[in-house]
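Colleague: Below you'll find query-v2.pdb; it's PDB, C-alpha atoms, pLDDT in the B column.
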```
ATOM      1  CA  MET A   1      -7.857  -5.754 -28.342  1.00 49.00           C
ATOM      2  CA  THR A   2      -6.742  -7.784 -31.310  1.00 50.00           C
ATOM      3  CA  MET A   3      -3.857  -6.615 -33.421  1.00 55.00           C
ATOM      4  CA  LEU A   4      -5.721  -7.821 -36.556  1.00 61.00           C
ATOM      5  CA  ASP A   5      -8.303  -5.035 -36.337  1.00 67.00           C
ATOM      6  CA  GLU A   6      -6.832  -2.307 -38.521  1.00 75.00           C
ATOM      7  CA  ASP A   7      -9.480   0.211 -37.429  1.00 84.00           C
ATOM      8  CA  VAL A   8      -8.196   0.157 -33.855  1.00 88.00           C
ATOM      9  CA  ASP A   9      -5.214   2.375 -33.154  1.00 92.00           C
ATOM     10  CA  PRO A  10      -2.927   0.426 -30.778  1.00 91.00           C
ATOM     11  CA  LEU A  11      -1.521   3.743 -29.544  1.00 93.00           C
ATOM     12  CA  ALA A  12      -4.844   5.431 -28.800  1.00 93.00           C
ATOM     13  CA  LEU A  13      -4.530   6.975 -25.336  1.00 93.00           C
ATOM     14  CA  GLU A  14      -7.928   5.795 -24.116  1.00 91.00           C
ATOM     15  CA  ARG A  15      -6.999   2.180 -24.976  1.00 92.00           C
ATOM     16  CA  GLN A  16      -3.822   2.126 -22.887  1.00 94.00           C
ATOM     17  CA  VAL A  17      -3.852   0.069 -19.687  1.00 92.00           C
ATOM     18  CA  CYS A  18      -1.055   2.229 -18.279  1.00 93.00           C
ATOM     19  CA  PHE A  19      -3.190   5.353 -18.759  1.00 96.00           C
ATOM     20  CA  ALA A  20      -6.245   3.791 -17.110  1.00 95.00           C
ATOM     21  CA  LEU A  21      -4.102   2.607 -14.178  1.00 94.00           C
ATOM     22  CA  ALA A  22      -2.480   6.027 -13.764  1.00 96.00           C
ATOM     23  CA  ILE A  23      -5.836   7.820 -13.695  1.00 96.00           C
ATOM     24  CA  THR A  24      -7.343   5.204 -11.380  1.00 95.00           C
ATOM     25  CA  ASN A  25      -4.358   5.450  -9.035  1.00 96.00           C
ATOM     26  CA  ARG A  26      -4.748   9.222  -8.714  1.00 97.00           C
ATOM     27  CA  ALA A  27      -8.523   8.981  -8.316  1.00 96.00           C
ATOM     28  CA  VAL A  28      -8.420   6.270  -5.656  1.00 96.00           C
ATOM     29  CA  LEU A  29      -5.688   8.060  -3.698  1.00 97.00           C
ATOM     30  CA  ALA A  30      -7.838  11.214  -3.811  1.00 98.00           C
ATOM     31  CA  ILE A  31     -10.636   9.205  -2.194  1.00 97.00           C
ATOM     32  CA  TYR A  32      -8.309   7.925   0.536  1.00 98.00           C
ATOM     33  CA  ARG A  33      -6.781  11.335   1.351  1.00 98.00           C
ATOM     34  CA  PRO A  34      -9.720  12.870   3.280  1.00 98.00           C
ATOM     35  CA  LEU A  35     -10.410   9.546   5.010  1.00 98.00           C
ATOM     36  CA  LEU A  36      -6.815   9.259   6.224  1.00 98.00           C
ATOM     37  CA  GLU A  37      -6.395  12.903   7.278  1.00 98.00           C
ATOM     38  CA  PRO A  38      -8.279  12.437  10.590  1.00 97.00           C
ATOM     39  CA  LEU A  39      -5.880   9.575  11.372  1.00 97.00           C
ATOM     40  CA  GLY A  40      -2.909  11.827  10.625  1.00 97.00           C
ATOM     41  CA  LEU A  41      -1.661   9.469   7.917  1.00 98.00           C
ATOM     42  CA  THR A  42      -0.691   9.789   4.292  1.00 97.00           C
ATOM     43  CA  HIS A  43      -1.533   6.891   1.993  1.00 97.00           C
ATOM     44  CA  PRO A  44       2.056   5.535   1.973  1.00 97.00           C
ATOM     45  CA  GLN A  45       2.115   5.717   5.782  1.00 97.00           C
ATOM     46  CA  TYR A  46      -1.237   3.925   5.859  1.00 98.00           C
ATOM     47  CA  LEU A  47       0.266   1.095   3.811  1.00 98.00           C
ATOM     48  CA  VAL A  48       3.126   0.805   6.314  1.00 98.00           C
ATOM     49  CA  MET A  49       0.628   0.699   9.165  1.00 98.00           C
ATOM     50  CA  LEU A  50      -1.402  -1.985   7.345  1.00 98.00           C
ATOM     51  CA  ALA A  51       1.732  -4.147   7.133  1.00 97.00           C
ATOM     52  CA  LEU A  52       2.435  -3.588  10.824  1.00 97.00           C
ATOM     53  CA  TRP A  53      -1.180  -4.237  11.841  1.00 97.00           C
ATOM     54  CA  ASP A  54      -1.192  -7.473   9.822  1.00 96.00           C
ATOM     55  CA  HIS A  55       1.968  -8.598  11.585  1.00 95.00           C
ATOM     56  CA  HIS A  56       0.628  -7.615  15.013  1.00 94.00           C
ATOM     57  CA  LYS A  57      -2.723  -9.306  14.378  1.00 92.00           C
ATOM     58  CA  SER A  58      -0.915 -12.531  13.469  1.00 89.00           C
ATOM     59  CA  GLY A  59       0.070 -12.717  17.130  1.00 85.00           C
ATOM     60  CA  SER A  60       3.778 -12.540  16.467  1.00 78.00           C
ATOM     61  CA  GLU A  61       5.723 -11.046  19.333  1.00 76.00           C
ATOM     62  CA  ASN A  62       8.655 -10.424  17.010  1.00 83.00           C
ATOM     63  CA  ALA A  63       9.384  -7.026  15.566  1.00 90.00           C
ATOM     64  CA  LEU A  64       9.251  -6.491  11.834  1.00 93.00           C
ATOM     65  CA  SER A  65      12.511  -5.423  10.268  1.00 93.00           C
ATOM     66  CA  VAL A  66      12.674  -2.446   7.932  1.00 95.00           C
ATOM     67  CA  LYS A  67      13.759  -4.933   5.273  1.00 93.00           C
ATOM     68  CA  ASP A  68      10.624  -7.051   5.873  1.00 94.00           C
ATOM     69  CA  ILE A  69       8.345  -4.009   5.592  1.00 97.00           C
ATOM     70  CA  ALA A  70      10.135  -2.799   2.458  1.00 95.00           C
ATOM     71  CA  SER A  71       9.758  -6.238   0.913  1.00 93.00           C
ATOM     72  CA  ALA A  72       6.055  -6.461   1.777  1.00 94.00           C
ATOM     73  CA  LEU A  73       5.402  -3.048   0.232  1.00 95.00           C
ATOM     74  CA  GLN A  74       7.785  -3.501  -2.718  1.00 91.00           C
ATOM     75  CA  LEU A  75       9.743  -0.408  -1.669  1.00 92.00           C
ATOM     76  CA  ASP A  76      13.394   0.223  -1.085  1.00 91.00           C
ATOM     77  CA  SER A  77      14.619   1.051   2.412  1.00 87.00           C
ATOM     78  CA  ALA A  78      15.611   4.579   1.377  1.00 89.00           C
ATOM     79  CA  THR A  79      11.995   5.322   0.434  1.00 92.00           C
ATOM     80  CA  LEU A  80      10.634   3.649   3.550  1.00 96.00           C
ATOM     81  CA  SER A  81      12.964   5.227   6.125  1.00 94.00           C
ATOM     82  CA  PRO A  82      11.505   8.770   6.028  1.00 95.00           C
ATOM     83  CA  MET A  83       7.991   7.333   6.428  1.00 96.00           C
ATOM     84  CA  LEU A  84       9.099   5.325   9.436  1.00 97.00           C
ATOM     85  CA  LYS A  85      10.728   8.399  10.987  1.00 97.00           C
ATOM     86  CA  ARG A  86       7.465  10.310  10.590  1.00 97.00           C
ATOM     87  CA  LEU A  87       5.404   7.452  12.055  1.00 98.00           C
ATOM     88  CA  GLU A  88       7.802   7.327  14.987  1.00 98.00           C
ATOM     89  CA  ALA A  89       7.466  11.113  15.468  1.00 98.00           C
ATOM     90  CA  LEU A  90       3.682  10.608  15.503  1.00 97.00           C
ATOM     91  CA  GLY A  91       4.151   8.076  18.327  1.00 98.00           C
ATOM     92  CA  LEU A  92       2.754   5.160  16.322  1.00 98.00           C
ATOM     93  CA  ILE A  93       5.912   3.021  16.101  1.00 98.00           C
ATOM     94  CA  THR A  94       9.308   2.608  17.677  1.00 97.00           C
ATOM     95  CA  ARG A  95      12.473   1.773  15.786  1.00 96.00           C
ATOM     96  CA  SER A  96      15.481   0.110  17.331  1.00 94.00           C
ATOM     97  CA  ARG A  97      18.606  -1.772  16.291  1.00 92.00           C
ATOM     98  CA  SER A  98      17.997  -5.463  15.972  1.00 85.00           C
ATOM     99  CA  SER A  99      19.396  -7.488  18.846  1.00 84.00           C
ATOM    100  CA  THR A 100      20.374 -10.257  16.402  1.00 85.00           C
ATOM    101  CA  ASP A 101      21.794  -8.118  13.561  1.00 86.00           C
ATOM    102  CA  GLU A 102      23.244  -4.712  14.372  1.00 85.00           C
ATOM    103  CA  ARG A 103      22.871  -3.650  10.717  1.00 88.00           C
ATOM    104  CA  ALA A 104      19.086  -4.175  10.828  1.00 90.00           C
ATOM    105  CA  THR A 105      16.414  -1.949  12.314  1.00 93.00           C
ATOM    106  CA  ASP A 106      13.339  -3.426  13.983  1.00 94.00           C
ATOM    107  CA  VAL A 107       9.959  -1.710  13.956  1.00 96.00           C
ATOM    108  CA  VAL A 108       7.259  -2.240  16.580  1.00 96.00           C
ATOM    109  CA  LEU A 109       3.838  -0.677  16.975  1.00 97.00           C
ATOM    110  CA  THR A 110       3.331   1.462  20.050  1.00 96.00           C
ATOM    111  CA  GLU A 111       0.081   1.199  21.996  1.00 97.00           C
ATOM    112  CA  ALA A 112      -1.136   4.276  20.082  1.00 98.00           C
ATOM    113  CA  GLY A 113      -0.257   2.521  16.823  1.00 97.00           C
ATOM    114  CA  VAL A 114      -2.191  -0.567  17.882  1.00 97.00           C
ATOM    115  CA  GLN A 115      -5.187   1.551  18.947  1.00 97.00           C
ATOM    116  CA  LEU A 116      -5.212   3.498  15.667  1.00 98.00           C
ATOM    117  CA  ARG A 117      -6.245   0.295  13.901  1.00 98.00           C
ATOM    118  CA  ARG A 118      -9.707   0.547  15.465  1.00 97.00           C
ATOM    119  CA  ARG A 119     -10.275   3.939  13.832  1.00 97.00           C
ATOM    120  CA  ALA A 120      -8.805   2.682  10.543  1.00 98.00           C
ATOM    121  CA  LEU A 121     -11.436  -0.082  10.327  1.00 98.00           C
ATOM    122  CA  LYS A 122     -13.822   2.553   8.940  1.00 97.00           C
ATOM    123  CA  ILE A 123     -11.554   3.265   5.944  1.00 97.00           C
ATOM    124  CA  PRO A 124     -12.212   0.233   3.654  1.00 95.00           C
ATOM    125  CA  PRO A 125     -16.035   0.429   3.735  1.00 96.00           C
ATOM    126  CA  ALA A 126     -15.894   4.217   3.226  1.00 97.00           C
ATOM    127  CA  VAL A 127     -13.655   3.745   0.185  1.00 96.00           C
ATOM    128  CA  VAL A 128     -15.997   1.127  -1.284  1.00 95.00           C
ATOM    129  CA  GLU A 129     -18.989   3.409  -0.705  1.00 95.00           C
ATOM    130  CA  ARG A 130     -17.286   6.421  -2.309  1.00 96.00           C
ATOM    131  CA  LEU A 131     -16.124   4.406  -5.315  1.00 94.00           C
ATOM    132  CA  GLY A 132     -19.685   3.304  -5.997  1.00 93.00           C
ATOM    133  CA  VAL A 133     -18.462  -0.002  -7.427  1.00 93.00           C
ATOM    134  CA  GLY A 134     -19.701  -3.348  -6.207  1.00 91.00           C
ATOM    135  CA  LEU A 135     -17.530  -5.297  -3.788  1.00 90.00           C
ATOM    136  CA  ASP A 136     -17.486  -8.235  -6.215  1.00 94.00           C
ATOM    137  CA  GLU A 137     -16.092  -5.971  -8.954  1.00 95.00           C
ATOM    138  CA  LEU A 138     -13.424  -4.603  -6.607  1.00 94.00           C
ATOM    139  CA  GLU A 139     -12.439  -8.124  -5.558  1.00 95.00           C
ATOM    140  CA  HIS A 140     -12.171  -9.145  -9.220  1.00 96.00           C
ATOM    141  CA  LEU A 141     -10.076  -6.042  -9.961  1.00 95.00           C
ATOM    142  CA  HIS A 142      -7.846  -6.879  -6.991  1.00 95.00           C
ATOM    143  CA  ASP A 143      -7.363 -10.434  -8.296  1.00 97.00           C
ATOM    144  CA  VAL A 144      -6.454  -9.197 -11.783  1.00 96.00           C
ATOM    145  CA  LEU A 145      -4.071  -6.546 -10.447  1.00 95.00           C
ATOM    146  CA  THR A 146      -2.439  -9.094  -8.130  1.00 94.00           C
ATOM    147  CA  ARG A 147      -1.811 -11.394 -11.119  1.00 96.00           C
ATOM    148  CA  ILE A 148      -0.413  -8.497 -13.164  1.00 93.00           C
ATOM    149  CA  ASN A 149       1.844  -7.456 -10.279  1.00 91.00           C
ATOM    150  CA  ALA A 150       3.095 -11.015  -9.826  1.00 92.00           C
ATOM    151  CA  ALA A 151       3.835 -11.326 -13.545  1.00 93.00           C
ATOM    152  CA  ALA A 152       5.639  -7.972 -13.571  1.00 90.00           C
ATOM    153  CA  ILE A 153       7.703  -8.963 -10.529  1.00 89.00           C
ATOM    154  CA  ALA A 154       8.518 -12.336 -12.126  1.00 92.00           C
ATOM    155  CA  ALA A 155       9.665 -10.431 -15.221  1.00 93.00           C
ATOM    156  CA  GLY A 156      12.025  -8.376 -13.055  1.00 89.00           C
ATOM    157  CA  ALA A 157      10.014  -5.144 -13.194  1.00 86.00           C
ATOM    158  CA  LEU A 158      10.686  -4.278  -9.550  1.00 77.00           C
ATOM    159  CA  ASP A 159      14.220  -5.626  -9.203  1.00 68.00           C
ATOM    160  CA  GLY A 160      15.410  -2.100  -8.436  1.00 52.00           C
ATOM    161  CA  LYS A 161      12.308  -1.635  -6.259  1.00 48.00           C
ATOM    162  CA  GLU A 162      11.734   1.793  -7.738  1.00 47.00           C
ATOM    163  CA  SER A 163       8.854   3.561  -6.121  1.00 42.00           C
TER     164      SER A 163
END
```
Now, as a test, write the supplied structure out as structure tokens.
Modeller:
Amino acid sequence: MTMLDEDVDPLALERQVCFALAITNRAVLAIYRPLLEPLGLTHPQYLVMLALWDHHKSGSENALSVKDIASALQLDSATLSPMLKRLEALGLITRSRSSTDERATDVVLTEAGVQLRRRALKIPPAVVERLGVGLDELEHLHDVLTRINAAAIAAGALDGKES
């Protein structure tokens, strides 16, 4: 959109990126919901598990700290803690005080948490199929959103890590 075009209303709702992102966010989460229900996960819990599965797959024997998970997900610890408690109650993770820093909490996948990854492998292709958008378009969208997120973070948009 160019600001020189006087026929275009810069405040038209349908032209707002924030509106398109808000609608897309709700729509995509609605697609994930029924796919995640059989796994017993909400979308935010799924994101936590993705971070833990990534760490586990990397071969690291070290636990991930709550701070590390919060940083990876751009969340604050207060938002993350209830999710971790629920995942622990589901038997997917264990939380314990760090042996190197008593103020920190370490998170480790249980065997059930590790095994759940196998079932979760069906989620991404099911989402792509339900969206009905080509994989190349989704990858391009991901690239653009990643650049926007990086620019917003660089501008201090998530300094408070509001969720």
Colleague: Compare A:Thr105, A:Ile153, A:Leu29, A:Leu36 by their minimum atom-to-atom distance to Arg119 (chain A), counting only C-alpha atoms, and give me the closest one.
Modeller: A:Leu36
Colleague: As JSON, what would the box around region 18-25 of chain A look like: edges along x, y and z, 6 Å added on every side, centre and edge lengths in Å to one decimal?
Modeller:
```
{"center_x": -4.2, "center_y": 5.0, "center_z": -13.9, "size_x": 18.3, "size_y": 17.6, "size_z": 21.7}
```
Colleague: Wanna dump the region 17-69 of chain A-region 83-98 of chain A contacts at 8 Å for me, each residue with its shortest atom pair and the distance in Å to one decimal, counting only C-alpha atoms, ordered by chain and number, as JSON lines?
Modeller:
```
{"residue": "A:Pro44", "atom": "CA", "partner": "A:Met83", "partner_atom": "CA", "distance": 7.6}
{"residue": "A:Gln45", "atom": "CA", "partner": "A:Met83", "partner_atom": "CA", "distance": 6.1}
{"residue": "A:Ser65", "atom": "CA", "partner": "A:Ser98", "partner_atom": "CA", "distance": 7.9}
```
Colleague: Check the smallest atom-to-atom distance from each of A:Asp136, A:Arg117, A:Leu145, A:Pro125 to His56 (chain A) using only C-alpha atoms, then report the winner.
Modeller: A:Arg117
Colleague: Which residues, named as in the file, does the PyMOL selection byres ((chain A and resi 79) around 12) pick out? Answer as a list in words.
Modeller: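 With the shown file as input, the PyMOL selection byres ((chain A and resi 79) around 12) matches Pro44, Gln45, Val48, Val66, Lys67, Ile69, Ala70, Ser71, Leu73, Gln74, Leu75, Asp76, Ser77, Ala78, Leu80, Ser81, Pro82, Met83, Leu84, Lys85, Lys161, Glu162 and Ser163 of chain A.
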Colleague: Compare A:Asp143, A:Lys122, A:Leu135, A:Gly156 by their minimum atom-to-atom distance to Pro38 (chain A), counting all atoms listed in the file, and give me the closest one.
Modeller: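 Nearest candidate to Pro38 (chain A) out of A:Asp143, A:Lys122, A:Leu135, A:Gly156: A:Lys122.
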Colleague: Would you mind completing region 75-105 of chain A so that it carries N, CA and C atoms, and writing it out as a compact mmCIF listing (two decimals), in the coordinates of the input?
Modeller:
```
# COMPACT_ATOMS: atom_id res chain seq x y z
N LEU A 75 9.05 -1.69 -1.73
CA LEU A 75 9.74 -0.41 -1.67
C LEU A 75 11.20 -0.66 -1.32
N ASP A 76 12.02 0.34 -1.57
CA ASP A 76 13.39 0.22 -1.08
C ASP A 76 13.47 0.91 0.28
N SER A 77 14.48 0.53 1.05
CA SER A 77 14.62 1.05 2.41
C SER A 77 14.77 2.56 2.44
N ALA A 78 15.41 3.13 1.42
CA ALA A 78 15.61 4.58 1.38
C ALA A 78 14.28 5.33 1.25
N THR A 79 13.33 4.72 0.56
CA THR A 79 12.00 5.32 0.43
C THR A 79 11.20 5.13 1.72
N LEU A 80 11.38 3.99 2.35
CA LEU A 80 10.63 3.65 3.55
C LEU A 80 11.11 4.41 4.79
N SER A 81 12.40 4.63 4.91
CA SER A 81 12.96 5.23 6.12
C SER A 81 12.34 6.56 6.53
N PRO A 82 12.14 7.51 5.61
CA PRO A 82 11.50 8.77 6.03
C PRO A 82 10.08 8.57 6.54
N MET A 83 9.35 7.62 5.95
CA MET A 83 7.99 7.33 6.43
C MET A 83 8.03 6.79 7.85
N LEU A 84 8.99 5.90 8.10
CA LEU A 84 9.10 5.32 9.44
C LEU A 84 9.47 6.39 10.46
N LYS A 85 10.36 7.30 10.07
CA LYS A 85 10.73 8.40 10.99
C LYS A 85 9.50 9.23 11.35
N ARG A 86 8.67 9.51 10.35
CA ARG A 86 7.46 10.31 10.59
C ARG A 86 6.48 9.55 11.48
N LEU A 87 6.30 8.25 11.22
CA LEU A 87 5.40 7.45 12.06
C LEU A 87 5.91 7.36 13.49
N GLU A 88 7.23 7.33 13.64
CA GLU A 88 7.80 7.33 14.99
C GLU A 88 7.55 8.68 15.66
N ALA A 89 7.72 9.77 14.92
CA ALA A 89 7.47 11.11 15.47
C ALA A 89 6.00 11.27 15.87
N LEU A 90 5.11 10.58 15.17
CA LEU A 90 3.68 10.61 15.50
C LEU A 90 3.36 9.72 16.71
N GLY A 91 4.35 8.95 17.17
CA GLY A 91 4.15 8.08 18.33
C GLY A 91 3.46 6.77 18.01
N LEU A 92 3.46 6.37 16.73
CA LEU A 92 2.75 5.16 16.32
C LEU A 92 3.65 3.93 16.28
N ILE A 93 4.96 4.13 16.16
CA ILE A 93 5.91 3.02 16.10
C ILE A 93 7.17 3.39 16.89
N THR A 94 7.95 2.39 17.19
CA THR A 94 9.31 2.61 17.68
C THR A 94 10.25 1.85 16.77
N ARG A 95 11.43 2.42 16.58
CA ARG A 95 12.47 1.77 15.79
C ARG A 95 13.66 1.55 16.70
N SER A 96 14.29 0.40 16.53
CA SER A 96 15.48 0.11 17.33
C SER A 96 16.39 -0.85 16.55
N ARG A 97 17.65 -0.84 16.90
CA ARG A 97 18.61 -1.77 16.29
C ARG A 97 18.21 -3.19 16.67
N SER A 98 18.30 -4.06 15.72
CA SER A 98 18.00 -5.46 15.97
C SER A 98 19.00 -6.03 16.96
N SER A 99 18.51 -6.85 17.88
CA SER A 99 19.40 -7.49 18.85
C SER A 99 20.18 -8.63 18.21
N THR A 100 19.70 -9.14 17.06
CA THR A 100 20.37 -10.26 16.40
C THR A 100 21.24 -9.83 15.23
N ASP A 101 21.01 -8.61 14.69
CA ASP A 101 21.79 -8.12 13.56
C ASP A 101 21.91 -6.60 13.69
N GLU A 102 23.07 -6.14 14.09
CA GLU A 102 23.24 -4.71 14.37
C GLU A 102 23.05 -3.84 13.14
N ARG A 103 23.10 -4.43 11.95
CA ARG A 103 22.87 -3.65 10.72
C ARG A 103 21.39 -3.45 10.43
N ALA A 104 20.53 -4.21 11.09
CA ALA A 104 19.09 -4.18 10.83
C ALA A 104 18.37 -3.32 11.85
N THR A 105 17.26 -2.74 11.43
CA THR A 105 16.41 -1.95 12.31
C THR A 105 15.08 -2.65 12.46
```
